[in-house]
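Shown below: input.tsv, with TSV, C-alpha atoms.
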chain	number	residue	atom	x	y	z
A	1	MET	CA	3.16	-32.29	-18.78
A	2	GLN	CA	6.86	-32.17	-19.77
A	3	ALA	CA	6.81	-28.36	-19.55
A	4	ASN	CA	5.40	-28.64	-16.02
A	5	TYR	CA	8.52	-30.49	-14.89
A	6	VAL	CA	10.77	-27.82	-16.41
A	7	VAL	CA	8.88	-25.08	-14.55
A	8	MET	CA	9.00	-27.20	-11.38
A	9	ALA	CA	12.79	-27.64	-11.69
A	10	VAL	CA	13.34	-23.90	-12.23
A	11	THR	CA	11.06	-23.06	-9.28
A	12	LEU	CA	12.91	-25.54	-7.05
A	13	ILE	CA	16.30	-24.10	-8.06
A	14	VAL	CA	15.12	-20.53	-7.31
A	15	TRP	CA	13.67	-21.51	-3.91
A	16	ILE	CA	16.68	-23.58	-2.87
A	17	GLY	CA	18.97	-20.71	-3.96
A	18	LEU	CA	16.92	-18.22	-1.94
A	19	PHE	CA	16.93	-20.53	1.09
A	20	LEU	CA	20.73	-21.01	0.95
A	21	PHE	CA	21.27	-17.25	0.52
A	22	LEU	CA	19.11	-16.48	3.57
A	23	MET	CA	20.85	-19.21	5.61
A	24	ARG	CA	24.27	-17.70	4.82
A	25	LEU	CA	23.05	-14.19	5.57
A	26	ASP	CA	21.56	-15.37	8.87
A	27	LYS	CA	24.88	-16.97	9.83
A	28	LYS	CA	26.84	-13.81	8.98
A	29	VAL	CA	24.45	-11.58	10.93
A	30	ARG	CA	24.70	-13.90	13.94
A	31	GLN	CA	28.52	-13.67	13.78
A	32	LEU	CA	28.31	-9.86	13.69
A	33	GLU	CA	25.90	-9.83	16.64
A	34	ARG	CA	28.31	-11.97	18.70
A	35	ARG	CA	31.22	-9.61	18.01
A	36	PRO	CA	32.46	-7.82	21.17
A	37	LYS	CA	31.00	-4.31	21.48
B	1	MET	CA	8.78	-26.07	0.63
B	2	CYS	CA	10.33	-28.52	-1.83
B	3	ALA	CA	7.52	-31.01	-1.15
B	4	VAL	CA	4.92	-28.25	-1.60
B	5	ILE	CA	6.48	-27.15	-4.92
B	6	VAL	CA	6.57	-30.73	-6.22
B	7	ALA	CA	2.92	-31.21	-5.17
B	8	MET	CA	1.98	-27.96	-6.97
B	9	PHE	CA	3.20	-29.38	-10.27
B	10	VAL	CA	2.41	-33.10	-10.12
B	11	THR	CA	-1.22	-32.82	-8.94
B	12	PRO	CA	-4.02	-31.84	-11.37
B	13	ALA	CA	-4.38	-28.09	-12.04
B	14	PRO	CA	-6.43	-26.40	-9.28
B	15	GLN	CA	-9.00	-25.05	-11.73
B	16	GLN	CA	-9.84	-27.35	-14.66
B	17	VAL	CA	-11.59	-24.71	-16.82
B	18	ILE	CA	-8.60	-22.37	-16.64
B	19	GLY	CA	-6.14	-25.23	-17.04
B	20	GLU	CA	-2.41	-25.41	-16.32
B	21	SER	CA	-1.99	-21.65	-15.84
B	22	SER	CA	-4.22	-21.84	-12.75
B	23	ARG	CA	-1.24	-23.38	-10.89
B	24	ILE	CA	-0.01	-19.81	-10.43
B	25	PHE	CA	-2.74	-19.57	-7.76
B	26	TYR	CA	-0.37	-21.38	-5.34
B	27	PHE	CA	2.13	-18.50	-5.65
B	28	HIS	CA	-0.02	-15.50	-6.49
B	29	VAL	CA	-2.48	-15.67	-3.58
B	30	PRO	CA	0.18	-16.25	-0.85
B	31	GLN	CA	2.17	-13.30	-2.26
B	32	ALA	CA	-0.89	-11.05	-2.05
B	33	TRP	CA	-1.60	-12.35	1.48
B	34	VAL	CA	1.97	-11.66	2.62
B	35	SER	CA	1.84	-8.13	1.19
B	36	VAL	CA	-1.31	-7.41	3.24
B	37	LEU	CA	0.41	-8.86	6.31
B	38	ALA	CA	3.50	-6.72	5.70
B	39	PHE	CA	1.46	-3.53	5.26
B	40	ALA	CA	-0.38	-4.34	8.50
B	41	LEU	CA	2.97	-4.80	10.25
B	42	ALA	CA	4.18	-1.47	8.83
B	43	MET	CA	1.09	0.14	10.37
B	44	VAL	CA	1.68	-1.57	13.74
B	45	PHE	CA	5.31	-0.42	13.91
B	46	SER	CA	4.31	3.07	12.78
B	47	VAL	CA	1.83	3.30	15.66
B	48	ARG	CA	4.55	2.00	17.98
B	49	TYR	CA	6.94	4.66	16.67
B	50	LEU	CA	4.39	7.42	17.28
B	51	ARG	CA	4.02	6.22	20.87
B	52	SER	CA	7.65	5.41	21.68
B	53	ARG	CA	9.67	7.61	19.24
B	54	GLN	CA	12.24	4.83	19.03
B	55	PRO	CA	14.12	4.91	15.67
B	56	ALA	CA	14.16	1.08	15.65
B	57	ASP	CA	10.36	1.08	15.29
B	58	ASP	CA	10.61	3.41	12.31
B	59	ASP	CA	13.24	1.10	10.78
B	60	ARG	CA	10.92	-1.89	11.22
B	61	ALA	CA	7.96	-0.02	9.74
B	62	ARG	CA	10.05	0.93	6.70
B	63	THR	CA	11.31	-2.66	6.29
B	64	ALA	CA	7.78	-4.07	6.53
B	65	ALA	CA	6.49	-1.55	3.97
B	66	ALA	CA	9.40	-2.33	1.61
B	67	LEU	CA	8.74	-6.07	1.86
B	68	GLY	CA	5.01	-5.49	1.43
B	69	LEU	CA	5.72	-3.50	-1.72
B	70	MET	CA	8.04	-6.24	-3.00
B	71	PHE	CA	5.46	-9.00	-2.44
B	72	CYS	CA	2.72	-6.78	-3.89
B	73	LEU	CA	4.87	-6.29	-7.01
B	74	LEU	CA	5.43	-10.06	-7.23
B	75	ALA	CA	1.66	-10.63	-6.93
B	76	THR	CA	1.11	-8.06	-9.70
B	77	ILE	CA	3.70	-9.71	-11.95
B	78	THR	CA	2.37	-13.25	-11.41
B	79	GLY	CA	-1.20	-11.98	-11.90
B	80	SER	CA	-0.14	-10.23	-15.08
B	81	LEU	CA	1.47	-13.42	-16.43
B	82	PHE	CA	-1.76	-15.29	-15.72
B	83	ALA	CA	-3.72	-12.51	-17.45
B	84	ARG	CA	-1.55	-12.87	-20.55
B	85	VAL	CA	-2.28	-16.59	-20.76
B	86	TYR	CA	-5.97	-16.54	-19.82
B	87	TRP	CA	-7.24	-13.12	-20.90
B	88	GLY	CA	-4.81	-12.54	-23.78
B	89	SER	CA	-3.14	-9.39	-22.49
B	90	PHE	CA	-0.79	-8.56	-19.63
B	91	TRP	CA	-2.95	-5.69	-18.38
B	92	ASN	CA	-6.73	-5.33	-18.79
B	93	TRP	CA	-7.72	-2.64	-16.26
B	94	ASP	CA	-9.84	-5.20	-14.46
B	95	PRO	CA	-11.12	-3.93	-11.05
B	96	ARG	CA	-8.60	-6.18	-9.27
B	97	GLU	CA	-5.76	-4.83	-11.41
B	98	MET	CA	-6.94	-1.28	-10.82
B	99	SER	CA	-7.03	-1.77	-7.06
B	100	ILE	CA	-3.56	-3.34	-6.87
B	101	PHE	CA	-2.21	-0.54	-9.08
B	102	VAL	CA	-3.62	2.07	-6.69
B	103	LEU	CA	-2.18	0.12	-3.74
B	104	LEU	CA	1.26	0.09	-5.36
B	105	LEU	CA	1.04	3.84	-5.96
B	106	ILE	CA	0.06	4.45	-2.32
B	107	TYR	CA	3.09	2.55	-1.02
B	108	PHE	CA	5.48	3.98	-3.62
B	109	ALA	CA	4.33	7.38	-2.33
B	110	TYR	CA	5.32	6.27	1.20
B	111	PHE	CA	8.92	5.87	0.00
B	112	ALA	CA	8.75	9.10	-2.03
B	113	LEU	CA	7.67	10.86	1.18
B	114	ARG	CA	10.54	9.30	3.13
B	115	GLY	CA	12.98	10.35	0.42
B	116	ALA	CA	11.74	13.93	0.45
B	117	ILE	CA	12.39	14.66	4.14
B	118	GLU	CA	15.95	14.97	5.42
B	119	VAL	CA	15.46	15.45	9.17
B	120	GLU	CA	15.28	11.93	10.63
B	121	GLU	CA	12.71	12.54	13.40
B	122	ARG	CA	10.43	14.52	11.10
B	123	ARG	CA	10.72	11.90	8.36
B	124	ALA	CA	9.94	9.09	10.80
B	125	ALA	CA	6.94	10.87	12.34
B	126	LEU	CA	5.37	11.95	9.03
B	127	SER	CA	5.89	8.59	7.35
B	128	ALA	CA	4.46	6.82	10.41
B	129	VAL	CA	1.28	8.88	10.17
B	130	TYR	CA	1.17	8.23	6.41
B	131	ALA	CA	1.62	4.45	6.93
B	132	VAL	CA	-1.31	4.36	9.36
B	133	PHE	CA	-3.61	6.13	6.88
B	134	ALA	CA	-2.24	4.09	3.96
B	135	PHE	CA	-3.21	0.87	5.72
B	136	VAL	CA	-6.83	2.00	6.00
B	137	THR	CA	-7.04	1.63	2.21
B	138	VAL	CA	-5.57	-1.89	2.14
B	139	PRO	CA	-8.65	-3.93	3.20
B	140	LEU	CA	-10.83	-1.77	0.94
B	141	LEU	CA	-8.58	-2.16	-2.09
B	142	VAL	CA	-7.75	-5.83	-1.59
B	143	PHE	CA	-10.95	-7.34	-0.18
B	144	VAL	CA	-13.90	-4.98	-0.71
B	145	LEU	CA	-13.71	-2.93	-3.94
B	146	PRO	CA	-12.75	-5.77	-6.35
B	147	ARG	CA	-15.74	-7.78	-5.07
B	148	MET	CA	-18.21	-4.94	-5.46
B	149	VAL	CA	-17.95	-4.70	-9.25
B	150	PRO	CA	-17.97	-7.47	-11.87
B	151	GLY	CA	-14.58	-8.32	-13.31
B	152	LEU	CA	-12.43	-10.91	-15.04
B	153	HIS	CA	-10.53	-12.07	-11.96
B	154	PRO	CA	-11.30	-15.66	-10.86
B	155	GLY	CA	-13.19	-15.86	-7.59
B	156	ALA	CA	-15.89	-13.40	-6.65
B	157	ASN	CA	-17.10	-12.13	-10.00
B	158	VAL	CA	-20.11	-12.16	-12.22
B	159	ALA	CA	-18.60	-11.69	-15.67
B	160	ASN	CA	-16.60	-14.90	-15.60
B	161	GLU	CA	-18.64	-17.57	-13.86
B	162	ASP	CA	-16.90	-20.45	-15.65
B	163	ALA	CA	-13.73	-19.57	-13.75
B	164	ALA	CA	-15.45	-19.37	-10.36
B	165	PHE	CA	-13.16	-20.91	-7.81
B	166	SER	CA	-14.04	-23.50	-5.21
B	167	MET	CA	-11.16	-25.12	-3.38
B	168	SER	CA	-11.04	-28.93	-3.47
B	169	PRO	CA	-9.44	-30.82	-0.54
B	170	THR	CA	-6.36	-31.63	-2.69
B	171	VAL	CA	-5.90	-27.96	-3.55
B	172	ALA	CA	-6.38	-26.96	0.10
B	173	VAL	CA	-3.71	-29.45	1.21
B	174	ILE	CA	-1.19	-27.69	-1.09
B	175	PHE	CA	-2.47	-24.13	-0.79
B	176	PHE	CA	-2.43	-23.73	3.01
B	177	PRO	CA	1.13	-25.06	3.44
B	178	ALA	CA	2.18	-22.72	0.58
B	179	LEU	CA	0.54	-19.85	2.47
B	180	ALA	CA	2.44	-20.87	5.62
B	181	VAL	CA	5.75	-21.14	3.73
B	182	PHE	CA	5.36	-17.66	2.23
B	183	THR	CA	4.49	-16.27	5.66
B	184	VAL	CA	7.56	-17.91	7.23
B	185	LEU	CA	9.71	-16.59	4.38
B	186	PHE	CA	8.41	-13.08	4.98
B	187	VAL	CA	9.00	-13.30	8.75
B	188	TRP	CA	12.52	-14.61	8.15
B	189	ILE	CA	13.46	-11.82	5.69
B	190	PHE	CA	11.83	-9.21	7.93
B	191	THR	CA	13.71	-10.42	11.03
B	192	LEU	CA	17.00	-10.54	9.14
B	193	ALA	CA	16.56	-7.03	7.73
B	194	SER	CA	15.62	-5.68	11.18
B	195	ARG	CA	18.71	-7.29	12.76
B	196	ILE	CA	20.96	-5.84	10.03
B	197	GLN	CA	19.45	-2.39	10.59
B	198	ALA	CA	19.98	-2.67	14.35
B	199	LEU	CA	23.62	-3.59	13.74
B	200	SER	CA	24.20	-0.70	11.36
B	201	ARG	CA	22.49	1.72	13.77
B	202	ALA	CA	24.72	0.47	16.61
B	203	ASP	CA	27.78	0.98	14.38
B	204	GLU	CA	26.68	4.53	13.52
B	205	GLU	CA	26.22	5.36	17.21
B	206	LYS	CA	29.66	3.92	18.01
B	207	ASP	CA	31.26	6.13	15.33
B	208	MET	CA	29.58	9.29	16.66

Could you render the structure from this file as structure tokens?
Amino acid sequence: MQANYVVMAVTLIVWIGLFLFLMRLDKKVRQLERRPK
Amino acid sequence: MCAVIVAMFVTPAPQQVIGESSRIFYFHVPQAWVSVLAFALAMVFSVRYLRSRQPADDDRARTAAALGLMFCLLATITGSLFARVYWGSFWNWDPREMSIFVLLLIYFAYFALRGAIEVEERRAALSAVYAVFAFVTVPLLVFVLPRMVPGLHPGANVANEDAAFSMSPTVAVIFFPALAVFTVLFVWIFTLASRIQALSRADEEKDM
């Protein structure tokens, strides 16, 4: 069961990292879209 | 997603005979589902390109196919890890493994085709036609062929009845949200990639 928690922690870190990366990317793309043409 | 991940690991394993390694089901099946969805979307945008001849539709078809290939690779890798634990080897040429291997080859060929043609309109038109025909094989390779012959894969098989899978209510409560989360993740990445491509296309046109 202990190993399960290790895998769970790693999975959570990967998913949170991915989520934060996509959030930042989304923000940057939105800034670029708002830029005057 | 955090709640779903925690639930995946603190609840009993979804398949008691297989044991702890069956938890990969919560990741592996949604990945395979998203890859089918992405290939379907690639086909839809390819048809749209053939009708409209808008480069943006070709961009979206390419993005969907690339994401489909990525999720298909992830499904293959997670399946292979499960195979190592449960069947003793990473690759066993099981019918399901054969069909996903063929599917990967078909979509790698889509990108090989794109890479081989330099003229943009010609590349877009030929790859759109290819994507439409490639999608015809997807339901056959994912849903039909692996169920027609006995194999090792849990689910519809004859050779491994002890691992036959029936979803309990607890498993369903975790599985369907996981499926939704993977679908939302795919839609988010797809939308982001399409917006980035639109921006870079607009920049290219401005420079011309």

Exercise for the section: For each of B:Ser200, B:Leu41, B:Ser52, B:Leu192, take the minimum atom-to-atom distance to chain A, counting only C-alpha atoms, then give the residue where this is smallest. Expected result: B:Leu192

Padding of 4 Å on every side, edges along x, y and z, all listed atoms of range 188-193 of chain B included: what centre and edge lengths in Å, to one decimal, does that box have, as JSON?
{"center_x": 14.4, "center_y": -10.8, "center_z": 8.4, "size_x": 13.2, "size_y": 15.6, "size_z": 13.3}

Handout entry: Distance filter 9 Å, all atoms listed in the file, chain B against chain A, as number ranges by chain
Key = B: 1-2, 5-6, 8-10, 20, 185, 188-189, 192, 195-196, 199

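Residues in contact range of Phe190 in chain B, defined as at most 8 Å between only C-alpha atoms, with sequence neighbours fewer than 4 positions away removed, read Thr63, Ala64, Leu67, Phe186 and Ser194 of chain B.
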
Saved selection, atoms kept: C-alpha atoms, as an mmCIF file, in the coordinates of the input:
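That gives us part21.cif:
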data_model
loop_
_atom_site.group_PDB
_atom_site.id
_atom_site.type_symbol
_atom_site.label_atom_id
_atom_site.label_comp_id
_atom_site.auth_asym_id
_atom_site.auth_seq_id
_atom_site.Cartn_x
_atom_site.Cartn_y
_atom_site.Cartn_z
ATOM 1 C CA THR B 63 11.310 -2.660 6.290
ATOM 2 C CA ALA B 64 7.780 -4.070 6.530
ATOM 3 C CA LEU B 67 8.740 -6.070 1.860
ATOM 4 C CA PHE B 186 8.410 -13.080 4.980
ATOM 5 C CA SER B 194 15.620 -5.680 11.180
#

Handout entry: Local residues around (2.9, -17.7, -2.4), at most 7 Å away, using only C-alpha atoms, as JSON, numbers by chain
Key = {"B": [26, 27, 28, 29, 30, 31, 178, 179, 182]}

Problem - CA of Thr78 in chain B to CA of Pro95 in chain B, distance in Å rounded to a single decimal - result: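 Separation between CA of Thr78 in chain B and CA of Pro95 in chain B: 16.4 Å.
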
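In this model, the gap between CA of Phe133 in chain B and CA of Pro154 in chain B comes to 29.1 Å.
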
Practice task
Might you pull out every residue within 10 Å of range 136-147 of chain B, with all atoms listed in the file counted and same-chain residues fewer than 5 positions away left off, and present them as a PyMOL selection string?
Solution key: chain B and resi 32-33+35-36+39-40+43+94-103+106+131+153+155-158

Exercise for the section: Could you check how far CA of Ala38 in chain B sits from CA of Gly68 in chain B, in Å to one decimal? Expected result: 4.7 Å
